[in-house]
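Structure file target21.cif; described as mmCIF, C-alpha atoms.
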data_work
loop_
_atom_site.group_PDB
_atom_site.id
_atom_site.type_symbol
_atom_site.label_atom_id
_atom_site.label_comp_id
_atom_site.auth_asym_id
_atom_site.auth_seq_id
_atom_site.Cartn_x
_atom_site.Cartn_y
_atom_site.Cartn_z
ATOM 1 C CA MET A 62 11.270 -10.786 -7.148
ATOM 2 C CA PRO A 63 10.809 -8.719 -10.328
ATOM 3 C CA SER A 64 10.221 -10.676 -13.534
ATOM 4 C CA ARG A 65 13.654 -9.643 -14.838
ATOM 5 C CA ALA A 66 15.362 -11.170 -11.785
ATOM 6 C CA LEU A 67 13.346 -14.358 -12.259
ATOM 7 C CA GLU A 68 14.436 -14.544 -15.901
ATOM 8 C CA THR A 69 18.067 -14.094 -14.831
ATOM 9 C CA LEU A 70 17.709 -16.921 -12.336
ATOM 10 C CA LEU A 71 16.190 -19.149 -15.005
ATOM 11 C CA ARG A 72 19.140 -18.493 -17.323
ATOM 12 C CA ALA A 73 21.555 -19.438 -14.537
ATOM 13 C CA PHE A 74 19.616 -22.534 -13.492
ATOM 14 C CA ASP A 75 21.867 -24.835 -15.529
ATOM 15 C CA HIS A 76 24.619 -24.239 -12.961
ATOM 16 C CA ALA A 77 24.561 -26.739 -10.106
ATOM 17 C CA PRO A 78 25.386 -24.188 -7.336
ATOM 18 C CA VAL A 79 22.379 -22.100 -8.375
ATOM 19 C CA ARG A 80 20.069 -25.128 -8.390
ATOM 20 C CA ASP A 81 21.379 -26.253 -4.994
ATOM 21 C CA ALA A 82 20.887 -22.789 -3.479
ATOM 22 C CA VAL A 83 17.288 -22.600 -4.702
ATOM 23 C CA ARG A 84 16.575 -26.121 -3.503
ATOM 24 C CA ASP A 85 18.037 -25.283 -0.073
ATOM 25 C CA GLY A 86 15.681 -22.337 0.450
ATOM 26 C CA ALA A 87 17.643 -19.360 -0.861
ATOM 27 C CA VAL A 88 14.535 -18.357 -2.831
ATOM 28 C CA CYS A 89 11.131 -17.853 -1.179
ATOM 29 C CA LEU A 90 8.361 -20.393 -1.681
ATOM 30 C CA PRO A 91 6.258 -18.392 -4.190
ATOM 31 C CA HIS A 92 9.258 -17.862 -6.470
ATOM 32 C CA THR A 93 10.436 -21.447 -5.984
ATOM 33 C CA ALA A 94 7.004 -22.500 -7.250
ATOM 34 C CA ALA A 95 7.273 -20.074 -10.176
ATOM 35 C CA LEU A 96 10.655 -21.595 -11.059
ATOM 36 C CA ALA A 97 9.325 -25.131 -10.753
ATOM 37 C CA ALA A 98 6.619 -24.308 -13.270
ATOM 38 C CA ARG A 99 9.222 -23.301 -15.869
ATOM 39 C CA VAL A 100 12.374 -25.386 -15.426
ATOM 40 C CA PRO A 101 12.780 -28.892 -16.943
ATOM 41 C CA ALA A 102 10.657 -31.582 -15.283
ATOM 42 C CA PRO A 103 13.505 -33.386 -13.430
ATOM 43 C CA TYR A 104 14.563 -30.143 -11.763
ATOM 44 C CA ALA A 105 10.944 -29.154 -11.140
ATOM 45 C CA LEU A 106 10.303 -32.397 -9.255
ATOM 46 C CA LYS A 107 13.336 -31.790 -7.040
ATOM 47 C CA LEU A 108 12.264 -28.202 -6.313
ATOM 48 C CA ALA A 109 8.728 -29.268 -5.455
ATOM 49 C CA GLY A 110 10.059 -32.037 -3.214
ATOM 50 C CA ALA A 111 12.479 -29.733 -1.419
ATOM 51 C CA ALA A 112 9.759 -27.141 -0.866
ATOM 52 C CA SER A 113 7.397 -29.797 0.525
ATOM 53 C CA ALA A 114 10.140 -31.013 2.861
ATOM 54 C CA ALA A 115 10.715 -27.468 4.135
ATOM 55 C CA LEU A 116 6.976 -27.036 4.705
ATOM 56 C CA ALA A 117 6.843 -30.282 6.673
ATOM 57 C CA GLN A 118 9.400 -28.922 9.163
ATOM 58 C CA GLU A 119 6.798 -26.343 10.273
ATOM 59 C CA GLN A 120 9.566 -23.858 11.070
ATOM 60 C CA CYS A 121 9.525 -21.793 7.896
ATOM 61 C CA GLU A 122 9.385 -18.050 8.439
ATOM 62 C CA THR A 123 6.718 -15.803 6.977
ATOM 63 C CA ALA A 124 9.320 -14.244 4.671
ATOM 64 C CA TRP A 125 9.953 -17.629 3.051
ATOM 65 C CA LEU A 126 6.313 -18.703 3.021
ATOM 66 C CA ALA A 127 4.965 -15.460 1.573
ATOM 67 C CA GLY A 128 7.996 -13.878 -0.087
ATOM 68 C CA ALA A 129 9.656 -10.564 0.703
ATOM 69 C CA ASP A 130 7.308 -7.657 1.402
ATOM 70 C CA GLU A 131 9.064 -4.293 1.599
ATOM 71 C CA ASP A 132 5.800 -2.546 2.504
ATOM 72 C CA ALA A 133 4.918 -4.767 5.473
ATOM 73 C CA ASP A 134 6.425 -2.486 8.133
ATOM 74 C CA ALA A 135 4.811 0.618 6.620
ATOM 75 C CA ARG A 136 1.417 -1.115 6.536
ATOM 76 C CA ALA A 137 1.815 -2.157 10.166
ATOM 77 C CA GLU A 138 2.307 1.501 11.157
ATOM 78 C CA LEU A 139 -0.685 2.609 9.108
ATOM 79 C CA HIS A 140 -2.851 -0.105 10.622
ATOM 80 C CA LEU A 141 -2.217 1.331 14.076
ATOM 81 C CA ARG A 142 -4.246 4.312 12.850
ATOM 82 C CA MET A 143 -7.004 1.969 11.683
ATOM 83 C CA ASP A 144 -7.642 0.442 15.118
ATOM 84 C CA PRO A 145 -9.555 3.486 16.491
ATOM 85 C CA LEU A 146 -11.733 3.476 13.365
ATOM 86 C CA LEU A 147 -12.795 -0.097 14.115
ATOM 87 C CA LEU A 148 -14.006 1.098 17.513
ATOM 88 C CA ASP A 149 -15.778 4.065 15.898
ATOM 89 C CA GLU A 150 -17.526 1.693 13.519
ATOM 90 C CA GLU A 151 -18.701 -0.491 16.401
ATOM 91 C CA ARG A 152 -20.045 2.484 18.339
ATOM 92 C CA GLY A 153 -21.698 3.861 15.202
ATOM 93 C CA ARG A 154 -23.794 0.740 14.701
ATOM 94 C CA SER A 155 -26.345 2.167 17.123
ATOM 95 C CA GLY A 156 -26.812 5.232 14.912
ATOM 96 C CA SER A 157 -28.377 5.598 11.491
ATOM 97 C CA VAL A 158 -26.815 4.523 8.210
ATOM 98 C CA THR A 159 -26.646 8.168 7.165
ATOM 99 C CA ASP A 160 -24.746 9.103 10.316
ATOM 100 C CA ARG A 161 -22.180 6.385 9.619
ATOM 101 C CA TRP A 162 -21.889 7.482 5.995
ATOM 102 C CA ASN A 163 -21.377 11.112 6.984
ATOM 103 C CA ALA A 164 -18.623 10.048 9.378
ATOM 104 C CA ASP A 165 -16.841 8.115 6.626
ATOM 105 C CA VAL A 166 -17.195 10.685 3.852
ATOM 106 C CA GLY A 167 -15.921 13.439 6.138
ATOM 107 C CA ARG A 168 -12.624 11.774 7.106
ATOM 108 C CA GLY A 169 -10.586 13.357 4.326
ATOM 109 C CA CYS A 170 -9.949 10.191 2.328
ATOM 110 C CA CYS A 171 -11.630 7.973 -0.258
ATOM 111 C CA PRO A 172 -14.676 6.479 1.518
ATOM 112 C CA LEU A 173 -14.505 3.352 -0.645
ATOM 113 C CA CYS A 174 -10.852 2.681 0.159
ATOM 114 C CA LEU A 175 -11.604 3.349 3.822
ATOM 115 C CA ALA A 176 -14.405 0.754 3.842
ATOM 116 C CA GLU A 177 -12.231 -1.731 1.936
ATOM 117 C CA HIS A 178 -9.261 -1.568 4.286
ATOM 118 C CA ARG A 179 -11.356 -1.322 7.433
ATOM 119 C CA ALA A 180 -13.203 -4.522 6.516
ATOM 120 C CA THR A 181 -9.930 -6.260 5.662
ATOM 121 C CA TRP A 182 -8.327 -5.191 8.938
ATOM 122 C CA ARG A 183 -11.381 -6.298 10.945
ATOM 123 C CA LEU A 184 -11.298 -9.715 9.302
ATOM 124 C CA LEU A 185 -7.586 -10.109 10.028
ATOM 125 C CA TRP A 186 -8.126 -9.195 13.690
ATOM 126 C CA TRP A 187 -10.927 -11.771 13.838
ATOM 127 C CA ALA A 188 -8.777 -14.418 12.122
ATOM 128 C CA ALA A 189 -5.901 -13.737 14.520
ATOM 129 C CA ALA A 190 -7.763 -13.508 17.804
ATOM 130 C CA ALA A 191 -11.292 -14.985 17.632
ATOM 131 C CA THR A 192 -11.914 -17.827 20.076
ATOM 132 C CA GLY A 193 -14.752 -20.228 20.752
ATOM 133 C CA PRO A 194 -17.248 -21.496 18.157
ATOM 134 C CA GLY A 195 -16.885 -18.349 16.039
ATOM 135 C CA ARG A 196 -13.183 -18.708 15.310
ATOM 136 C CA PRO A 197 -12.130 -19.115 11.655
ATOM 137 C CA ALA A 198 -12.716 -22.447 9.944
ATOM 138 C CA ARG A 199 -10.072 -24.053 7.740
ATOM 139 C CA GLU A 200 -11.684 -22.841 4.510
ATOM 140 C CA GLU A 201 -11.590 -19.259 5.838
ATOM 141 C CA CYS A 202 -7.827 -19.260 6.456
ATOM 142 C CA ALA A 203 -6.571 -18.752 2.910
ATOM 143 C CA LEU A 204 -4.676 -15.454 2.769
ATOM 144 C CA CYS A 205 -2.529 -13.799 0.118
ATOM 145 C CA ALA A 206 1.101 -12.964 0.870
ATOM 146 C CA PRO A 207 0.598 -9.343 2.052
ATOM 147 C CA HIS A 208 -2.251 -10.350 4.348
ATOM 148 C CA LEU A 209 -0.183 -13.167 5.841
ATOM 149 C CA TYR A 210 2.362 -10.505 6.817
ATOM 150 C CA ASP A 211 -0.401 -8.319 8.253
ATOM 151 C CA LEU A 212 -1.795 -11.242 10.244
ATOM 152 C CA ALA A 213 1.637 -12.062 11.672
ATOM 153 C CA ALA A 214 2.045 -8.406 12.683
ATOM 154 C CA ILE A 215 -1.224 -8.547 14.646
ATOM 155 C CA GLY A 216 -0.314 -11.707 16.551
ATOM 156 C CA GLY A 217 -2.887 -13.667 18.494
ATOM 157 C CA PRO A 218 -3.852 -17.222 19.487
ATOM 158 C CA ASN A 219 -4.890 -18.234 15.966
ATOM 159 C CA VAL A 220 -1.904 -16.991 13.973
ATOM 160 C CA ASP A 221 0.066 -20.247 14.146
ATOM 161 C CA ALA A 222 -3.005 -22.231 13.045
ATOM 162 C CA VAL A 223 -3.672 -19.911 10.094
ATOM 163 C CA LEU A 224 -0.027 -20.083 8.994
ATOM 164 C CA ALA A 225 -0.145 -23.872 9.352
ATOM 165 C CA GLU A 226 -3.242 -24.023 7.151
ATOM 166 C CA ASN A 227 -1.531 -21.907 4.499
ATOM 167 C CA ARG A 228 1.488 -24.235 4.642
ATOM 168 C CA SER A 229 -0.900 -27.167 4.208
ATOM 169 C CA GLN A 230 -2.493 -25.541 1.168
ATOM 170 C CA TRP A 231 0.929 -24.942 -0.385
ATOM 171 C CA ASP A 232 1.914 -28.547 0.305
ATOM 172 C CA ALA A 233 -1.255 -29.831 -1.390
ATOM 173 C CA ARG A 234 -0.573 -27.701 -4.469
ATOM 174 C CA LEU A 235 3.036 -28.874 -4.664
ATOM 175 C CA SER A 236 1.945 -32.500 -4.303
ATOM 176 C CA ARG A 237 -0.612 -32.154 -7.113
ATOM 177 C CA PHE A 238 2.047 -30.531 -9.281
ATOM 178 C CA GLY A 239 4.545 -33.330 -8.587
ATOM 179 C CA ARG A 240 2.012 -36.068 -9.352
ATOM 180 C CA ALA A 241 0.919 -34.318 -12.530
ATOM 181 C CA LEU A 242 4.529 -34.004 -13.712
ATOM 182 C CA SER A 243 5.099 -37.709 -13.139
ATOM 183 C CA GLU A 244 1.863 -38.986 -14.647
ATOM 184 C CA SER A 245 0.600 -36.471 -17.203
ATOM 185 C CA ARG A 246 1.542 -35.993 -20.825
ATOM 186 C CA LYS A 247 0.448 -32.370 -20.810
ATOM 187 C CA ALA A 248 2.911 -29.555 -21.371
ATOM 188 C CA GLN A 249 4.612 -28.353 -18.207
ATOM 189 C CA THR A 250 3.272 -24.846 -18.707
ATOM 190 C CA GLN A 251 -0.237 -26.283 -18.409
ATOM 191 C CA LEU A 252 0.677 -28.266 -15.305
ATOM 192 C CA GLY A 253 2.058 -25.129 -13.647
ATOM 193 C CA THR A 254 -1.484 -24.110 -12.761
ATOM 194 C CA HIS A 255 -1.445 -26.856 -10.110
ATOM 195 C CA VAL A 256 1.171 -24.958 -8.127
ATOM 196 C CA LEU A 257 0.583 -21.346 -9.179
ATOM 197 C CA SER A 258 -3.213 -21.120 -8.804
ATOM 198 C CA ALA A 259 -3.696 -20.011 -5.214
ATOM 199 C CA PRO A 260 -7.087 -20.066 -3.472
ATOM 200 C CA ARG A 261 -8.889 -16.766 -3.131
ATOM 201 C CA CYS A 262 -7.719 -14.597 -0.248
ATOM 202 C CA ARG A 263 -10.445 -14.303 2.384
ATOM 203 C CA ALA A 264 -9.258 -10.835 3.454
ATOM 204 C CA CYS A 265 -9.159 -9.522 -0.125
ATOM 205 C CA ASP A 266 -12.692 -10.787 -0.699
ATOM 206 C CA ALA A 267 -13.910 -9.048 2.467
ATOM 207 C CA GLY A 268 -12.327 -5.774 1.354
ATOM 208 C CA ASP A 269 -13.724 -5.984 -2.186
ATOM 209 C CA GLU A 270 -17.220 -6.670 -0.887
ATOM 210 C CA ALA A 271 -17.033 -3.755 1.566
ATOM 211 C CA ALA A 272 -15.916 -1.363 -1.183
ATOM 212 C CA GLN A 273 -18.789 -2.482 -3.425
ATOM 213 C CA ARG A 274 -21.317 -2.014 -0.619
ATOM 214 C CA GLN A 275 -19.892 1.432 0.168
ATOM 215 C CA ALA A 276 -20.195 2.395 -3.509
ATOM 216 C CA SER A 277 -23.844 1.293 -3.472
ATOM 217 C CA LEU A 278 -24.410 3.337 -0.321
ATOM 218 C CA LEU A 279 -22.791 6.351 -2.005
ATOM 219 C CA VAL A 280 -25.247 6.095 -4.916
ATOM 220 C CA ALA A 281 -28.173 5.769 -2.505
ATOM 221 C CA GLN A 282 -27.063 8.779 -0.442
ATOM 222 C CA LEU A 283 -26.679 10.975 -3.525
ATOM 223 C CA HIS A 284 -30.415 10.721 -4.211
ATOM 224 C CA ASP A 285 -30.804 13.027 -1.196
ATOM 225 C CA PRO A 286 -30.038 16.628 -2.356
ATOM 226 C CA VAL A 287 -28.619 17.482 1.075
ATOM 227 C CA GLN A 288 -26.195 14.554 0.940
ATOM 228 C CA ALA A 289 -25.287 15.309 -2.677
ATOM 229 C CA GLU A 290 -24.385 18.881 -1.725
ATOM 230 C CA ARG A 291 -22.377 17.684 1.255
ATOM 231 C CA TYR A 292 -20.441 15.220 -0.920
ATOM 232 C CA GLY A 293 -19.436 18.153 -3.124
ATOM 233 C CA HIS A 294 -17.580 19.694 -0.185
ATOM 234 C CA GLU A 295 -15.756 16.514 0.883
ATOM 235 C CA HIS A 296 -12.740 14.561 -0.365
ATOM 236 C CA GLY A 297 -14.639 12.219 -2.704
ATOM 237 C CA ILE A 298 -13.531 8.884 -4.095
ATOM 238 C CA CYS A 299 -10.017 8.313 -5.406
ATOM 239 C CA LEU A 300 -9.066 8.095 -9.066
ATOM 240 C CA ARG A 301 -8.668 4.313 -8.880
ATOM 241 C CA HIS A 302 -12.298 3.849 -7.863
ATOM 242 C CA ALA A 303 -13.510 6.474 -10.320
ATOM 243 C CA LEU A 304 -11.817 4.651 -13.211
ATOM 244 C CA SER A 305 -12.985 1.198 -12.086
ATOM 245 C CA TRP A 306 -16.593 2.262 -11.431
ATOM 246 C CA GLN A 307 -19.104 -0.176 -12.919
ATOM 247 C CA GLY A 308 -20.813 1.841 -15.635
ATOM 248 C CA ARG A 309 -20.956 5.619 -15.546
ATOM 249 C CA PRO A 310 -20.444 7.235 -12.100
ATOM 250 C CA PRO A 311 -23.159 9.610 -10.837
ATOM 251 C CA ALA A 312 -22.782 13.186 -12.072
ATOM 252 C CA VAL A 313 -21.817 14.525 -8.638
ATOM 253 C CA VAL A 314 -19.085 11.899 -8.301
ATOM 254 C CA ARG A 315 -17.668 12.797 -11.715
ATOM 255 C CA GLU A 316 -17.774 16.520 -11.010
ATOM 256 C CA VAL A 317 -16.099 16.234 -7.620
ATOM 257 C CA SER A 318 -13.384 13.907 -8.929
ATOM 258 C CA THR A 319 -12.712 16.203 -11.893
ATOM 259 C CA ALA A 320 -12.473 19.250 -9.631
ATOM 260 C CA ARG A 321 -10.188 17.577 -7.079
ATOM 261 C CA LEU A 322 -7.840 16.226 -9.755
ATOM 262 C CA ALA A 323 -7.699 19.562 -11.581
ATOM 263 C CA LEU A 324 -6.654 21.291 -8.354
ATOM 264 C CA LEU A 325 -4.149 18.526 -7.639
ATOM 265 C CA ARG A 326 -2.607 19.011 -11.088
ATOM 266 C CA TRP A 327 -2.272 22.750 -10.446
ATOM 267 C CA GLU A 328 -0.640 22.139 -7.061
ATOM 268 C CA ILE A 329 1.856 19.708 -8.584
ATOM 269 C CA ASP A 330 2.719 22.192 -11.336
ATOM 270 C CA GLU A 331 3.082 24.954 -8.732
ATOM 271 C CA THR A 332 5.321 22.797 -6.569
ATOM 272 C CA LEU A 333 7.576 22.075 -9.546
ATOM 273 C CA ARG A 334 7.655 25.770 -10.443
ATOM 274 C CA GLU A 335 8.597 26.766 -6.884
ATOM 275 C CA GLN A 336 11.549 24.392 -6.957
ATOM 276 C CA ASP A 337 13.250 26.460 -9.651
ATOM 277 C CA TRP A 338 16.192 28.596 -8.552
ATOM 278 C CA HIS A 339 14.617 31.802 -9.788
ATOM 279 C CA THR A 340 11.599 31.391 -7.459
ATOM 280 C CA ARG A 341 13.631 30.925 -4.279
ATOM 281 C CA HIS A 342 12.530 34.359 -3.014
ATOM 282 C CA GLU A 343 8.831 33.355 -3.047
ATOM 283 C CA ILE A 344 6.875 32.197 -0.019
ATOM 284 C CA LYS A 345 6.208 28.492 -0.318
ATOM 285 C CA GLY A 346 2.541 27.648 0.238
ATOM 286 C CA SER A 347 0.557 24.504 0.971
ATOM 287 C CA ALA A 348 1.130 23.297 -2.580
ATOM 288 C CA ALA A 349 4.636 22.322 -1.478
ATOM 289 C CA ARG A 350 3.102 19.545 0.637
ATOM 290 C CA VAL A 351 1.062 18.105 -2.198
ATOM 291 C CA SER A 352 3.158 14.922 -2.367
ATOM 292 C CA ALA A 353 1.831 13.894 1.059
ATOM 293 C CA ARG A 354 -1.788 14.585 0.127
ATOM 294 C CA ALA A 355 -1.861 13.330 -3.466
ATOM 295 C CA PRO A 356 -2.054 9.574 -2.728
ATOM 296 C CA THR A 357 -5.505 9.804 -1.121
ATOM 297 C CA LEU A 358 -6.865 11.273 -4.366
ATOM 298 C CA LEU A 359 -4.969 9.003 -6.737
ATOM 299 C CA ASP A 360 -5.153 5.622 -4.999
ATOM 300 C CA GLY A 361 -6.302 5.337 -1.398
ATOM 301 C CA ARG A 362 -4.570 1.979 -0.982
ATOM 302 C CA ILE A 363 -1.255 3.797 -0.579
ATOM 303 C CA TYR A 364 -2.256 4.947 2.918
ATOM 304 C CA ALA A 365 -4.262 1.775 3.619
ATOM 305 C CA GLY A 366 -7.530 3.638 3.023
ATOM 306 C CA LEU A 367 -6.705 6.327 5.586
ATOM 307 C CA PRO A 368 -6.253 10.110 5.339
ATOM 308 C CA ALA A 369 -2.777 11.452 4.684
ATOM 309 C CA PRO A 370 -0.547 11.157 7.771
ATOM 310 C CA ASP A 371 -0.268 14.211 9.995
ATOM 311 C CA GLU A 372 2.449 16.243 8.310
ATOM 312 C CA SER A 373 3.545 17.744 11.633
ATOM 313 C CA ARG A 374 4.744 14.262 12.615
ATOM 314 C CA HIS A 375 6.744 13.774 9.436
ATOM 315 C CA PRO A 376 10.522 13.580 10.120
ATOM 316 C CA SER A 377 11.353 16.236 7.530
ATOM 317 C CA ASN A 378 9.031 18.718 9.250
ATOM 318 C CA ARG A 379 10.470 18.007 12.689
ATOM 319 C CA GLU A 380 13.942 18.702 11.321
ATOM 320 C CA ARG A 381 12.810 22.118 10.090
#
Encoded form (structure tokens):
Amino acid sequence: MPSRALETLLRAFDHAPVRDAVRDGAVCLPHTAALAARVPAPYALKLAGAASAALAQEQCETAWLAGADEDADARAELHLRMDPLLLDEERGRSGSVTDRWNADVGRGCCPLCLAEHRATWRLLWWAAAATGPGRPAREECALCAPHLYDLAAIGGPNVDAVLAENRSQWDARLSRFGRALSESRKAQTQLGTHVLSAPRCRACDAGDEAAQRQASLLVAQLHDPVQAERYGHEHGICLRHALSWQGRPPAVVREVSTARLALLRWEIDETLREQDWHTRHEIKGSAARVSARAPTLLDGRIYAGLPAPDESRHPSNRER
């Protein structure tokens, strides 16, 4: 729910039908908690109690537990393309580190985003399906809303247990919030941290660590002149990772990123120029497909760390 919609709901909260609808589950749990942190204490206690009661029924859907996620279906399709890369990574463990790096840097996407999403997807598969002594412990089950959706899409023997643990964590936060409202003299905005401060997502942490390790490997590989030259001919890291680099990126990384983005800017300008009526007689080149390729250079998260989808499979191309 955008912040503007939340503000509208807050302004209408004085009306009993609105309060009753929210209390009866018309609003997802995360936004119910956000409302509880801002409405008057008597209403907040009722919202927290109603949410706890819904959690106790153990029948709440992922959409209510995690909130709406319009990108969940698109991520599920992209993750189907990630599964073969997990197998490639397993097979590559018998080779050298340099061989694995060359495989990653040559895939036509940001190697840091690839490592980040591959590690996240591997952890989610493990959390969903691992059995025996190595299955996830309770403290390893905390997941953010998008990763709860991804876990549910995978399925597996552990999914119900992980969802139950996340319900339990929500219930504990709501209970602490309710007790604090009843017993504390602090301002309600301060008490809202009891319900709004979620535990760290285990999948996000795995992805962040993998991206950091991949960045360290990139720096190590660039000390080899052969690898530095090879990197200059590959995709390179995305703009998001270039801007968030700790300190100053290596010279080769800066040069490659600058070159790729300069070409991308030209292709975008050319695409806009070719859309004019007076250029309709011209032959449209590869620049016209820049919108499909741009995300891997700007922010690799858009394609879940993967290369741009095969344009021949895009519906608009099939129609042509």
_I need the residue nearest A:Cys171 from this list: A:Gly239, A:Pro368, A:Pro311, A:Pro207. Use all atoms listed in the file for the distance._
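Smallest separation from A:Cys171 among the options: A:Pro368.
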*Residues returned when the PyMOL selection byres ((chain A and resi 113) around 12) runs on this file, as a ChimeraX atom specification*: /A:84-86,90,93-94,106-112,114-119,121,126,228-239,256
Give me the stretch 79-194 of chain A side of the contact with stretch 303-306 of chain A, cut-off 12 Å, one line per residue showing its nearest atom pair and distance in Å at one decimal, counting all atoms listed in the file, sorted by chain and residue number, as a Markdown table.
| residue | atom | partner | partner_atom | distance |
| --- | --- | --- | --- | --- |
| A:Cys171 | CA | A:Ala303 | CA | 10.3 |
| A:Pro172 | CA | A:Ala303 | CA | 11.9 |
| A:Leu173 | CA | A:Ala303 | CA | 10.2 |
| A:Cys174 | CA | A:Ala303 | CA | 11.5 |
How would the residues just picked look written out with C-alpha atoms as an mmCIF file, keeping the file's coordinate frame?
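After the write, part_20.cif holds the following:
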data_model
loop_
_atom_site.group_PDB
_atom_site.id
_atom_site.type_symbol
_atom_site.label_atom_id
_atom_site.label_comp_id
_atom_site.auth_asym_id
_atom_site.auth_seq_id
_atom_site.Cartn_x
_atom_site.Cartn_y
_atom_site.Cartn_z
ATOM 1 C CA CYS A 171 -11.630 7.973 -0.258
ATOM 2 C CA PRO A 172 -14.676 6.479 1.518
ATOM 3 C CA LEU A 173 -14.505 3.352 -0.645
ATOM 4 C CA CYS A 174 -10.852 2.681 0.159
#
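Of the listed residues (A:Ala272, A:Leu283, A:Leu358, A:Val83), A:Leu358 comes nearest to A:Arg321; the distances count all atoms listed in the file.
Atom CA of A:Ala98 sits 13.2 Å away from atom CA of A:Arg240.
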_Expansion of the PyMOL selection byres ((chain A and resi 178) around 8) into residues, as a VMD selection string_ = chain A and resid 174 to 177 179 to 182 268 362 365 to 366
*Proximity to A:Val223 - best of A:Gln336, A:Ser318, A:Thr357, A:Thr123, only C-alpha atoms*: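 So, comparing all the options, the nearest one is A:Thr123.
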*Apply the PyMOL selection byres ((chain A and resi 139) around 10) to the displayed file and report the matching residues as a ChimeraX atom specification.*
/A:133-138,140-144,363-367,370
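Coordinates place atom CA of A:Gly297 at a distance of 15.3 Å from atom CA of A:Gln273.
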*To one decimal in Å, tell me the separation between atom CA of A:Glu316 and atom CA of A:Gly293.*
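Answer for the atom CA of A:Glu316 to atom CA of A:Gly293 separation: 8.2 Å.
Counting only C-alpha atoms, A:Ala190 has the following residues at most 8 Å away, ignoring those fewer than 2 positions along the same chain: Trp186, Trp187, Ala188, Thr192, Arg196, Gly216, Gly217, Pro218, Asn219 and Val220 of chain A.
Counting only C-alpha atoms, the residue from A:His339, A:Ala281, A:Ala213, A:Glu270 that sits nearest to A:Glu122 is A:Ala213.
Minimum distance to A:Ser277 across A:Trp162, A:Glu201, A:Ile215, A:Gly128 (counting only C-alpha atoms) occurs at A:Trp162.
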*In terms of the shortest atom-to-atom distance over all atoms listed in the file, which of A:Ala214, A:Ala129, A:Ala222, A:Val317 is closest to A:Pro91?*
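Among the listed residues, the smallest separation from A:Pro91 belongs to A:Ala129.
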*With a distance cut-off of 12 Å and only C-alpha atoms, select the neighbouring residues of stretch 68-70 of chain A, excluding the residue or stretch itself and same-chain residues fewer than 5 positions from it, and output the selection as a PyMOL selection string.*
chain A and resi 62-63+75-76+78-80+82-83+87-88+92-93+95-97+99-100
